[in-house]
$ cat work_30.txt   # compact mmCIF, N, CA and C atoms
# COMPACT_ATOMS: atom_id res chain seq x y z
N MET A 54 -16.68 -11.06 -25.86
CA MET A 54 -15.89 -9.97 -26.40
C MET A 54 -14.65 -9.80 -25.55
N ILE A 55 -13.50 -9.96 -26.12
CA ILE A 55 -12.25 -9.79 -25.39
C ILE A 55 -11.56 -8.54 -25.92
N LYS A 56 -11.26 -7.61 -25.03
CA LYS A 56 -10.52 -6.41 -25.42
C LYS A 56 -9.04 -6.68 -25.26
N SER A 57 -8.23 -5.64 -25.33
CA SER A 57 -6.78 -5.83 -25.23
C SER A 57 -6.42 -6.58 -23.96
N LYS A 58 -5.37 -7.35 -24.04
CA LYS A 58 -4.97 -8.21 -22.93
C LYS A 58 -4.73 -7.39 -21.66
N ASP A 59 -4.17 -6.19 -21.80
CA ASP A 59 -3.86 -5.38 -20.63
C ASP A 59 -5.13 -4.89 -19.93
N ASN A 60 -6.21 -4.65 -20.66
CA ASN A 60 -7.47 -4.21 -20.04
C ASN A 60 -8.16 -5.35 -19.32
N ARG A 61 -7.93 -6.57 -19.78
CA ARG A 61 -8.45 -7.77 -19.16
C ARG A 61 -9.95 -7.74 -18.95
N ARG A 62 -10.69 -7.39 -19.97
CA ARG A 62 -12.14 -7.38 -19.89
C ARG A 62 -12.66 -8.60 -20.62
N LEU A 63 -13.42 -9.40 -19.93
CA LEU A 63 -13.97 -10.61 -20.51
C LEU A 63 -15.49 -10.55 -20.38
N SER A 64 -16.19 -10.82 -21.46
CA SER A 64 -17.64 -10.85 -21.35
C SER A 64 -18.07 -12.26 -20.96
N ASN A 65 -19.20 -12.33 -20.30
CA ASN A 65 -19.80 -13.60 -19.87
C ASN A 65 -18.94 -14.37 -18.86
N LEU A 66 -17.89 -13.80 -18.38
CA LEU A 66 -17.06 -14.44 -17.34
C LEU A 66 -16.80 -13.41 -16.25
N GLU A 67 -16.81 -13.87 -15.04
CA GLU A 67 -16.47 -12.98 -13.94
C GLU A 67 -14.97 -12.73 -13.97
N GLN A 68 -14.59 -11.48 -13.78
CA GLN A 68 -13.17 -11.17 -13.78
C GLN A 68 -12.49 -11.75 -12.55
N LEU A 69 -11.41 -12.44 -12.77
CA LEU A 69 -10.61 -12.96 -11.67
C LEU A 69 -9.57 -11.92 -11.30
N PRO A 70 -9.18 -11.85 -10.04
CA PRO A 70 -8.17 -10.86 -9.67
C PRO A 70 -6.83 -11.17 -10.34
N ILE A 71 -6.16 -10.11 -10.72
CA ILE A 71 -4.82 -10.22 -11.28
C ILE A 71 -3.87 -10.43 -10.11
N LEU A 72 -3.00 -11.40 -10.22
CA LEU A 72 -2.07 -11.72 -9.14
C LEU A 72 -0.74 -11.03 -9.39
N ILE A 73 -0.35 -10.18 -8.47
CA ILE A 73 0.92 -9.46 -8.53
C ILE A 73 1.78 -9.99 -7.39
N LYS A 74 3.00 -10.40 -7.71
CA LYS A 74 3.90 -10.93 -6.67
C LYS A 74 4.89 -9.85 -6.24
N LEU A 75 5.00 -9.71 -4.92
CA LEU A 75 5.98 -8.80 -4.33
C LEU A 75 7.23 -9.60 -3.99
N TYR A 76 8.34 -9.22 -4.59
CA TYR A 76 9.60 -9.91 -4.34
C TYR A 76 10.41 -9.18 -3.29
N PRO A 77 11.40 -9.85 -2.67
CA PRO A 77 12.18 -9.22 -1.60
C PRO A 77 12.85 -7.90 -2.00
N ASN A 78 13.13 -7.73 -3.28
CA ASN A 78 13.73 -6.48 -3.73
C ASN A 78 12.69 -5.36 -3.91
N ARG A 79 11.44 -5.62 -3.44
CA ARG A 79 10.32 -4.68 -3.47
C ARG A 79 9.73 -4.48 -4.87
N ARG A 80 10.12 -5.32 -5.82
CA ARG A 80 9.56 -5.22 -7.17
C ARG A 80 8.25 -5.98 -7.23
N LEU A 81 7.34 -5.46 -8.04
CA LEU A 81 6.00 -6.01 -8.17
C LEU A 81 5.87 -6.63 -9.55
N TYR A 82 5.68 -7.95 -9.61
CA TYR A 82 5.70 -8.67 -10.87
C TYR A 82 4.34 -9.23 -11.25
N ASP A 83 3.90 -8.91 -12.45
CA ASP A 83 2.65 -9.41 -13.02
C ASP A 83 3.03 -10.55 -13.95
N ALA A 84 2.86 -11.79 -13.50
CA ALA A 84 3.29 -12.95 -14.27
C ALA A 84 2.46 -13.16 -15.53
N GLU A 85 1.18 -12.82 -15.48
CA GLU A 85 0.33 -13.00 -16.66
C GLU A 85 0.81 -12.15 -17.83
N MET A 86 1.24 -10.93 -17.54
CA MET A 86 1.73 -10.03 -18.59
C MET A 86 3.25 -10.09 -18.73
N ALA A 87 3.90 -10.84 -17.84
CA ALA A 87 5.36 -11.01 -17.84
C ALA A 87 6.08 -9.67 -17.81
N ARG A 88 5.69 -8.85 -16.82
CA ARG A 88 6.36 -7.56 -16.66
C ARG A 88 6.20 -7.05 -15.23
N TYR A 89 7.09 -6.15 -14.88
CA TYR A 89 6.99 -5.52 -13.57
C TYR A 89 5.98 -4.38 -13.64
N ARG A 90 5.30 -4.13 -12.53
CA ARG A 90 4.33 -3.05 -12.41
C ARG A 90 4.83 -2.03 -11.40
N SER A 91 4.48 -0.78 -11.62
CA SER A 91 4.86 0.28 -10.68
C SER A 91 3.75 0.48 -9.66
N HIS A 92 4.10 1.12 -8.56
CA HIS A 92 3.09 1.45 -7.55
C HIS A 92 2.03 2.36 -8.17
N ASP A 93 2.45 3.29 -9.01
CA ASP A 93 1.50 4.21 -9.64
C ASP A 93 0.50 3.47 -10.52
N GLU A 94 0.96 2.47 -11.27
CA GLU A 94 0.05 1.68 -12.09
C GLU A 94 -1.00 0.98 -11.22
N LEU A 95 -0.54 0.40 -10.12
CA LEU A 95 -1.47 -0.33 -9.25
C LEU A 95 -2.44 0.60 -8.55
N ARG A 96 -1.99 1.79 -8.20
CA ARG A 96 -2.91 2.78 -7.61
C ARG A 96 -3.98 3.18 -8.63
N ALA A 97 -3.58 3.33 -9.89
CA ALA A 97 -4.54 3.66 -10.95
C ALA A 97 -5.53 2.52 -11.14
N TRP A 98 -5.05 1.29 -11.08
CA TRP A 98 -5.94 0.13 -11.18
C TRP A 98 -6.98 0.18 -10.07
N ARG A 99 -6.52 0.50 -8.87
CA ARG A 99 -7.44 0.54 -7.73
C ARG A 99 -8.52 1.60 -7.98
N GLU A 100 -8.12 2.77 -8.49
CA GLU A 100 -9.09 3.83 -8.77
C GLU A 100 -10.10 3.39 -9.83
N ARG A 101 -9.65 2.59 -10.81
CA ARG A 101 -10.53 2.09 -11.87
C ARG A 101 -11.24 0.81 -11.46
N GLN A 102 -11.01 0.36 -10.25
CA GLN A 102 -11.62 -0.84 -9.68
C GLN A 102 -11.26 -2.11 -10.45
N VAL A 103 -10.01 -2.19 -10.89
CA VAL A 103 -9.49 -3.41 -11.51
C VAL A 103 -9.20 -4.39 -10.37
N PRO A 104 -9.74 -5.61 -10.42
CA PRO A 104 -9.48 -6.56 -9.33
C PRO A 104 -8.06 -7.12 -9.39
N PHE A 105 -7.31 -6.94 -8.30
CA PHE A 105 -5.96 -7.48 -8.22
C PHE A 105 -5.58 -7.71 -6.77
N LEU A 106 -4.61 -8.59 -6.59
CA LEU A 106 -4.05 -8.87 -5.27
C LEU A 106 -2.54 -8.80 -5.37
N ILE A 107 -1.92 -8.25 -4.35
CA ILE A 107 -0.46 -8.28 -4.25
C ILE A 107 -0.14 -9.29 -3.16
N VAL A 108 0.63 -10.31 -3.52
CA VAL A 108 0.98 -11.35 -2.55
C VAL A 108 2.49 -11.41 -2.39
N ASP A 109 2.92 -11.70 -1.17
CA ASP A 109 4.34 -11.89 -0.89
C ASP A 109 4.80 -13.15 -1.60
N SER A 110 5.88 -13.06 -2.35
CA SER A 110 6.34 -14.20 -3.15
C SER A 110 6.81 -15.38 -2.30
N LYS A 111 7.26 -15.11 -1.08
CA LYS A 111 7.75 -16.19 -0.21
C LYS A 111 6.64 -16.85 0.58
N THR A 112 5.76 -16.03 1.17
CA THR A 112 4.74 -16.56 2.07
C THR A 112 3.38 -16.75 1.42
N GLY A 113 3.11 -16.02 0.35
CA GLY A 113 1.80 -16.07 -0.28
C GLY A 113 0.77 -15.21 0.41
N ASP A 114 1.19 -14.46 1.44
CA ASP A 114 0.27 -13.60 2.17
C ASP A 114 -0.19 -12.42 1.31
N ASP A 115 -1.44 -12.01 1.49
CA ASP A 115 -1.98 -10.84 0.80
C ASP A 115 -1.40 -9.59 1.47
N VAL A 116 -0.65 -8.80 0.71
CA VAL A 116 -0.02 -7.59 1.25
C VAL A 116 -0.49 -6.33 0.51
N THR A 117 -1.62 -6.45 -0.17
CA THR A 117 -2.12 -5.35 -1.01
C THR A 117 -2.26 -4.06 -0.22
N GLU A 118 -2.98 -4.09 0.89
CA GLU A 118 -3.22 -2.87 1.66
C GLU A 118 -1.92 -2.26 2.19
N ARG A 119 -1.03 -3.12 2.66
CA ARG A 119 0.23 -2.63 3.21
C ARG A 119 1.07 -1.93 2.15
N ILE A 120 1.09 -2.46 0.94
CA ILE A 120 1.91 -1.90 -0.13
C ILE A 120 1.33 -0.62 -0.69
N LEU A 121 0.01 -0.55 -0.82
CA LEU A 121 -0.62 0.61 -1.44
C LEU A 121 -1.01 1.71 -0.46
N SER A 122 -0.82 1.50 0.81
CA SER A 122 -1.18 2.55 1.77
C SER A 122 -0.06 3.55 1.96
$ encode --input "work_30.txt" --output "structure tokens"
Amino acid sequence: MIKSKDNRRLSNLEQLPILIKLYPNRRLYDAEMARYRSHDELRAWRERQVPFLIVDSKTGDDVTERILS
């Protein structure tokens, strides 16, 4: 059962984390949905326990905690 693409709920498959890229201009880009995300959206995802990672676009380092704290 697949719900709307934005909810990203897949049955019988483990959810993979959504990859959000942090660009030097501080914008957060969700390549799968081809759109920028706001800090508020990502904070809401965290509250709903949506799996995601924010990575630096240049280094690939995980910067999730630094960005959302």
$ residues_around --input "work_30.txt" --residues "range 72-76 of chain A" --least-positions-apart "4" --cutoff "8 Å" --atoms "all atoms listed in the file" --output "VMD selection string"
chain A and resid 80 to 85 90 104 to 111
$ write_last_selection --input "work_30.txt" --atoms "N, CA and C atoms" --output "PDB file, keeping the file's coordinate frame"
ATOM      1  N   ARG A  80      10.120  -5.320  -5.820  1.00  0.00           N
ATOM      2  CA  ARG A  80       9.560  -5.220  -7.170  1.00  0.00           C
ATOM      3  C   ARG A  80       8.250  -5.980  -7.230  1.00  0.00           C
ATOM      4  N   LEU A  81       7.340  -5.460  -8.040  1.00  0.00           N
ATOM      5  CA  LEU A  81       6.000  -6.010  -8.170  1.00  0.00           C
ATOM      6  C   LEU A  81       5.870  -6.630  -9.550  1.00  0.00           C
ATOM      7  N   TYR A  82       5.680  -7.950  -9.610  1.00  0.00           N
ATOM      8  CA  TYR A  82       5.700  -8.670 -10.870  1.00  0.00           C
ATOM      9  C   TYR A  82       4.340  -9.230 -11.250  1.00  0.00           C
ATOM     10  N   ASP A  83       3.900  -8.910 -12.450  1.00  0.00           N
ATOM     11  CA  ASP A  83       2.650  -9.410 -13.020  1.00  0.00           C
ATOM     12  C   ASP A  83       3.030 -10.550 -13.950  1.00  0.00           C
ATOM     13  N   ALA A  84       2.860 -11.790 -13.500  1.00  0.00           N
ATOM     14  CA  ALA A  84       3.290 -12.950 -14.270  1.00  0.00           C
ATOM     15  C   ALA A  84       2.460 -13.160 -15.530  1.00  0.00           C
ATOM     16  N   GLU A  85       1.180 -12.820 -15.480  1.00  0.00           N
ATOM     17  CA  GLU A  85       0.330 -13.000 -16.660  1.00  0.00           C
ATOM     18  C   GLU A  85       0.810 -12.150 -17.830  1.00  0.00           C
ATOM     19  N   ARG A  90       5.300  -4.130 -12.530  1.00  0.00           N
ATOM     20  CA  ARG A  90       4.330  -3.050 -12.410  1.00  0.00           C
ATOM     21  C   ARG A  90       4.830  -2.030 -11.400  1.00  0.00           C
ATOM     22  N   PRO A 104      -9.740  -5.610 -10.420  1.00  0.00           N
ATOM     23  CA  PRO A 104      -9.480  -6.560  -9.330  1.00  0.00           C
ATOM     24  C   PRO A 104      -8.060  -7.120  -9.390  1.00  0.00           C
ATOM     25  N   PHE A 105      -7.310  -6.940  -8.300  1.00  0.00           N
ATOM     26  CA  PHE A 105      -5.960  -7.480  -8.220  1.00  0.00           C
ATOM     27  C   PHE A 105      -5.580  -7.710  -6.770  1.00  0.00           C
ATOM     28  N   LEU A 106      -4.610  -8.590  -6.590  1.00  0.00           N
ATOM     29  CA  LEU A 106      -4.050  -8.870  -5.270  1.00  0.00           C
ATOM     30  C   LEU A 106      -2.540  -8.800  -5.370  1.00  0.00           C
ATOM     31  N   ILE A 107      -1.920  -8.250  -4.350  1.00  0.00           N
ATOM     32  CA  ILE A 107      -0.460  -8.280  -4.250  1.00  0.00           C
ATOM     33  C   ILE A 107      -0.140  -9.290  -3.160  1.00  0.00           C
ATOM     34  N   VAL A 108       0.630 -10.310  -3.520  1.00  0.00           N
ATOM     35  CA  VAL A 108       0.980 -11.350  -2.550  1.00  0.00           C
ATOM     36  C   VAL A 108       2.490 -11.410  -2.390  1.00  0.00           C
ATOM     37  N   ASP A 109       2.920 -11.700  -1.170  1.00  0.00           N
ATOM     38  CA  ASP A 109       4.340 -11.890  -0.890  1.00  0.00           C
ATOM     39  C   ASP A 109       4.800 -13.150  -1.600  1.00  0.00           C
ATOM     40  N   SER A 110       5.880 -13.060  -2.350  1.00  0.00           N
ATOM     41  CA  SER A 110       6.340 -14.200  -3.150  1.00  0.00           C
ATOM     42  C   SER A 110       6.810 -15.380  -2.300  1.00  0.00           C
ATOM     43  N   LYS A 111       7.260 -15.110  -1.080  1.00  0.00           N
ATOM     44  CA  LYS A 111       7.750 -16.190  -0.210  1.00  0.00           C
ATOM     45  C   LYS A 111       6.640 -16.850   0.580  1.00  0.00           C
TER      46      LYS A 111
END
$ atom_distance --input "work_30.txt" --atom1 "CA of Arg79 in chain A" --atom2 "CA of Ile120 in chain A"
9.5 Å
$ atom_distance --input "work_30.txt" --atom1 "CA of Glu100 in chain A" --atom2 "CA of Leu121 in chain A"
11.7 Å
$ axis_aligned_box --input "work_30.txt" --around "range 66-78 of chain A" --padding-each-side "4 Å" --output "JSON"
{"center_x": -2.1, "center_y": -9.9, "center_z": -10.0, "size_x": 39.6, "size_y": 17.1, "size_z": 24.8}
$ closest_residue --input "work_30.txt" --among "A:Ile71, A:Thr112, A:Ser122, A:Pro77" --to "Asp93 in chain A" --atoms "only C-alpha atoms"
A:Ser122
$ closest_residue --input "work_30.txt" --among "A:Arg99, A:Ala87, A:Gln68, A:Glu94" --to "Glu118 in chain A" --atoms "only C-alpha atoms"
A:Arg99
$ atom_distance --input "work_30.txt" --atom1 "CA of Arg101 in chain A" --atom2 "CA of Asp114 in chain A"
23.7 Å
$ select_by_dssp --input "work_30.txt" --residues "range 58-113 of chain A" --states "helix (DSSP H, G or I)" --output "PyMOL selection string"
chain A and resi 92-100
$ write_last_selection --input "work_30.txt" --atoms "N, CA and C atoms" --output "mmCIF file, in the frame of the given file"
data_model
loop_
_atom_site.group_PDB
_atom_site.id
_atom_site.type_symbol
_atom_site.label_atom_id
_atom_site.label_comp_id
_atom_site.auth_asym_id
_atom_site.auth_seq_id
_atom_site.Cartn_x
_atom_site.Cartn_y
_atom_site.Cartn_z
ATOM 1 N N HIS A 92 4.100 1.120 -8.560
ATOM 2 C CA HIS A 92 3.090 1.450 -7.550
ATOM 3 C C HIS A 92 2.030 2.360 -8.170
ATOM 4 N N ASP A 93 2.450 3.290 -9.010
ATOM 5 C CA ASP A 93 1.500 4.210 -9.640
ATOM 6 C C ASP A 93 0.500 3.470 -10.520
ATOM 7 N N GLU A 94 0.960 2.470 -11.270
ATOM 8 C CA GLU A 94 0.050 1.680 -12.090
ATOM 9 C C GLU A 94 -1.000 0.980 -11.220
ATOM 10 N N LEU A 95 -0.540 0.400 -10.120
ATOM 11 C CA LEU A 95 -1.470 -0.330 -9.250
ATOM 12 C C LEU A 95 -2.440 0.600 -8.550
ATOM 13 N N ARG A 96 -1.990 1.790 -8.200
ATOM 14 C CA ARG A 96 -2.910 2.780 -7.610
ATOM 15 C C ARG A 96 -3.980 3.180 -8.630
ATOM 16 N N ALA A 97 -3.580 3.330 -9.890
ATOM 17 C CA ALA A 97 -4.540 3.660 -10.950
ATOM 18 C C ALA A 97 -5.530 2.520 -11.140
ATOM 19 N N TRP A 98 -5.050 1.290 -11.080
ATOM 20 C CA TRP A 98 -5.940 0.130 -11.180
ATOM 21 C C TRP A 98 -6.980 0.180 -10.070
ATOM 22 N N ARG A 99 -6.520 0.500 -8.870
ATOM 23 C CA ARG A 99 -7.440 0.540 -7.730
ATOM 24 C C ARG A 99 -8.520 1.600 -7.980
ATOM 25 N N GLU A 100 -8.120 2.770 -8.490
ATOM 26 C CA GLU A 100 -9.090 3.830 -8.770
ATOM 27 C C GLU A 100 -10.100 3.390 -9.830
#
$ build_atoms --input "work_30.txt" --residues "range 82-93 of chain A" --atoms "all heavy atoms" --output "PDB file, keeping the file's coordinate frame"
ATOM      1  N   TYR A  82       5.680  -7.950  -9.610  1.00  0.00           N
ATOM      2  CA  TYR A  82       5.700  -8.670 -10.870  1.00  0.00           C
ATOM      3  C   TYR A  82       4.340  -9.230 -11.250  1.00  0.00           C
ATOM      4  O   TYR A  82       3.704  -9.936 -10.467  1.00  0.00           O
ATOM      5  CB  TYR A  82       6.718  -9.810 -10.810  1.00  0.00           C
ATOM      6  CG  TYR A  82       6.961 -10.463 -12.143  1.00  0.00           C
ATOM      7  CD1 TYR A  82       7.636  -9.793 -13.152  1.00  0.00           C
ATOM      8  CD2 TYR A  82       6.492 -11.740 -12.391  1.00  0.00           C
ATOM      9  CE1 TYR A  82       7.852 -10.395 -14.386  1.00  0.00           C
ATOM     10  CE2 TYR A  82       6.704 -12.347 -13.620  1.00  0.00           C
ATOM     11  CZ  TYR A  82       7.389 -11.668 -14.606  1.00  0.00           C
ATOM     12  OH  TYR A  82       7.594 -12.264 -15.833  1.00  0.00           O
ATOM     13  N   ASP A  83       3.900  -8.910 -12.450  1.00  0.00           N
ATOM     14  CA  ASP A  83       2.650  -9.410 -13.020  1.00  0.00           C
ATOM     15  C   ASP A  83       3.030 -10.550 -13.950  1.00  0.00           C
ATOM     16  O   ASP A  83       3.480 -10.341 -15.068  1.00  0.00           O
ATOM     17  CB  ASP A  83       1.984  -8.264 -13.787  1.00  0.00           C
ATOM     18  CG  ASP A  83       0.681  -8.659 -14.484  1.00  0.00           C
ATOM     19  OD1 ASP A  83       0.360  -9.856 -14.524  1.00  0.00           O
ATOM     20  OD2 ASP A  83       0.008  -7.742 -14.988  1.00  0.00           O
ATOM     21  N   ALA A  84       2.860 -11.790 -13.500  1.00  0.00           N
ATOM     22  CA  ALA A  84       3.290 -12.950 -14.270  1.00  0.00           C
ATOM     23  C   ALA A  84       2.460 -13.160 -15.530  1.00  0.00           C
ATOM     24  O   ALA A  84       2.973 -13.605 -16.545  1.00  0.00           O
ATOM     25  CB  ALA A  84       3.234 -14.208 -13.402  1.00  0.00           C
ATOM     26  N   GLU A  85       1.180 -12.820 -15.480  1.00  0.00           N
ATOM     27  CA  GLU A  85       0.330 -13.000 -16.660  1.00  0.00           C
ATOM     28  C   GLU A  85       0.810 -12.150 -17.830  1.00  0.00           C
ATOM     29  O   GLU A  85       0.796 -12.580 -18.976  1.00  0.00           O
ATOM     30  CB  GLU A  85      -1.115 -12.643 -16.320  1.00  0.00           C
ATOM     31  CG  GLU A  85      -2.061 -12.891 -17.475  1.00  0.00           C
ATOM     32  CD  GLU A  85      -3.510 -12.629 -17.102  1.00  0.00           C
ATOM     33  OE1 GLU A  85      -3.871 -12.816 -15.933  1.00  0.00           O
ATOM     34  OE2 GLU A  85      -4.258 -12.244 -18.000  1.00  0.00           O
ATOM     35  N   MET A  86       1.240 -10.930 -17.540  1.00  0.00           N
ATOM     36  CA  MET A  86       1.730 -10.030 -18.590  1.00  0.00           C
ATOM     37  C   MET A  86       3.250 -10.090 -18.730  1.00  0.00           C
ATOM     38  O   MET A  86       3.815  -9.443 -19.594  1.00  0.00           O
ATOM     39  CB  MET A  86       1.299  -8.593 -18.294  1.00  0.00           C
ATOM     40  CG  MET A  86      -0.203  -8.393 -18.342  1.00  0.00           C
ATOM     41  SD  MET A  86      -0.927  -8.731 -19.949  1.00  0.00           S
ATOM     42  CE  MET A  86      -0.184  -7.453 -20.916  1.00  0.00           C
ATOM     43  N   ALA A  87       3.900 -10.840 -17.840  1.00  0.00           N
ATOM     44  CA  ALA A  87       5.360 -11.010 -17.840  1.00  0.00           C
ATOM     45  C   ALA A  87       6.080  -9.670 -17.810  1.00  0.00           C
ATOM     46  O   ALA A  87       6.976  -9.402 -18.611  1.00  0.00           O
ATOM     47  CB  ALA A  87       5.796 -11.839 -19.054  1.00  0.00           C
ATOM     48  N   ARG A  88       5.690  -8.850 -16.820  1.00  0.00           N
ATOM     49  CA  ARG A  88       6.360  -7.560 -16.660  1.00  0.00           C
ATOM     50  C   ARG A  88       6.200  -7.050 -15.230  1.00  0.00           C
ATOM     51  O   ARG A  88       5.322  -7.482 -14.496  1.00  0.00           O
ATOM     52  CB  ARG A  88       5.818  -6.540 -17.648  1.00  0.00           C
ATOM     53  CG  ARG A  88       4.342  -6.221 -17.471  1.00  0.00           C
ATOM     54  CD  ARG A  88       3.913  -5.072 -18.331  1.00  0.00           C
ATOM     55  NE  ARG A  88       4.496  -3.859 -17.799  1.00  0.00           N
ATOM     56  CZ  ARG A  88       3.872  -2.702 -17.753  1.00  0.00           C
ATOM     57  NH1 ARG A  88       2.664  -2.573 -18.245  1.00  0.00           N
ATOM     58  NH2 ARG A  88       4.446  -1.652 -17.238  1.00  0.00           N
ATOM     59  N   TYR A  89       7.090  -6.150 -14.880  1.00  0.00           N
ATOM     60  CA  TYR A  89       6.990  -5.520 -13.570  1.00  0.00           C
ATOM     61  C   TYR A  89       5.980  -4.380 -13.640  1.00  0.00           C
ATOM     62  O   TYR A  89       5.794  -3.756 -14.685  1.00  0.00           O
ATOM     63  CB  TYR A  89       8.356  -4.987 -13.129  1.00  0.00           C
ATOM     64  CG  TYR A  89       9.294  -6.110 -12.761  1.00  0.00           C
ATOM     65  CD1 TYR A  89      10.248  -6.575 -13.668  1.00  0.00           C
ATOM     66  CD2 TYR A  89       9.213  -6.724 -11.526  1.00  0.00           C
ATOM     67  CE1 TYR A  89      11.087  -7.622 -13.349  1.00  0.00           C
ATOM     68  CE2 TYR A  89      10.049  -7.775 -11.188  1.00  0.00           C
ATOM     69  CZ  TYR A  89      10.991  -8.212 -12.102  1.00  0.00           C
ATOM     70  OH  TYR A  89      11.809  -9.252 -11.780  1.00  0.00           O
ATOM     71  N   ARG A  90       5.300  -4.130 -12.530  1.00  0.00           N
ATOM     72  CA  ARG A  90       4.330  -3.050 -12.410  1.00  0.00           C
ATOM     73  C   ARG A  90       4.830  -2.030 -11.400  1.00  0.00           C
ATOM     74  O   ARG A  90       5.472  -2.377 -10.418  1.00  0.00           O
ATOM     75  CB  ARG A  90       2.976  -3.594 -11.939  1.00  0.00           C
ATOM     76  CG  ARG A  90       2.334  -4.562 -12.882  1.00  0.00           C
ATOM     77  CD  ARG A  90       1.863  -3.864 -14.121  1.00  0.00           C
ATOM     78  NE  ARG A  90       1.214  -4.802 -15.028  1.00  0.00           N
ATOM     79  CZ  ARG A  90       0.614  -4.422 -16.131  1.00  0.00           C
ATOM     80  NH1 ARG A  90       0.571  -3.160 -16.475  1.00  0.00           N
ATOM     81  NH2 ARG A  90       0.065  -5.315 -16.920  1.00  0.00           N
ATOM     82  N   SER A  91       4.480  -0.780 -11.620  1.00  0.00           N
ATOM     83  CA  SER A  91       4.860   0.280 -10.680  1.00  0.00           C
ATOM     84  C   SER A  91       3.750   0.480  -9.660  1.00  0.00           C
ATOM     85  O   SER A  91       2.585   0.100  -9.890  1.00  0.00           O
ATOM     86  CB  SER A  91       5.113   1.586 -11.432  1.00  0.00           C
ATOM     87  OG  SER A  91       3.892   2.107 -11.917  1.00  0.00           O
ATOM     88  N   HIS A  92       4.100   1.120  -8.560  1.00  0.00           N
ATOM     89  CA  HIS A  92       3.090   1.450  -7.550  1.00  0.00           C
ATOM     90  C   HIS A  92       2.030   2.360  -8.170  1.00  0.00           C
ATOM     91  O   HIS A  92       0.846   2.234  -7.872  1.00  0.00           O
ATOM     92  CB  HIS A  92       3.741   2.135  -6.347  1.00  0.00           C
ATOM     93  CG  HIS A  92       4.477   1.206  -5.461  1.00  0.00           C
ATOM     94  ND1 HIS A  92       5.779   0.875  -5.659  1.00  0.00           N
ATOM     95  CD2 HIS A  92       4.072   0.529  -4.364  1.00  0.00           C
ATOM     96  CE1 HIS A  92       6.164   0.037  -4.724  1.00  0.00           C
ATOM     97  NE2 HIS A  92       5.151  -0.204  -3.924  1.00  0.00           N
ATOM     98  N   ASP A  93       2.450   3.290  -9.010  1.00  0.00           N
ATOM     99  CA  ASP A  93       1.500   4.210  -9.640  1.00  0.00           C
ATOM    100  C   ASP A  93       0.500   3.470 -10.520  1.00  0.00           C
ATOM    101  O   ASP A  93      -0.689   3.798 -10.518  1.00  0.00           O
ATOM    102  CB  ASP A  93       2.243   5.265 -10.466  1.00  0.00           C
ATOM    103  CG  ASP A  93       3.012   6.242  -9.591  1.00  0.00           C
ATOM    104  OD1 ASP A  93       2.654   6.393  -8.397  1.00  0.00           O
ATOM    105  OD2 ASP A  93       3.969   6.847 -10.093  1.00  0.00           O
TER     106      ASP A  93
END
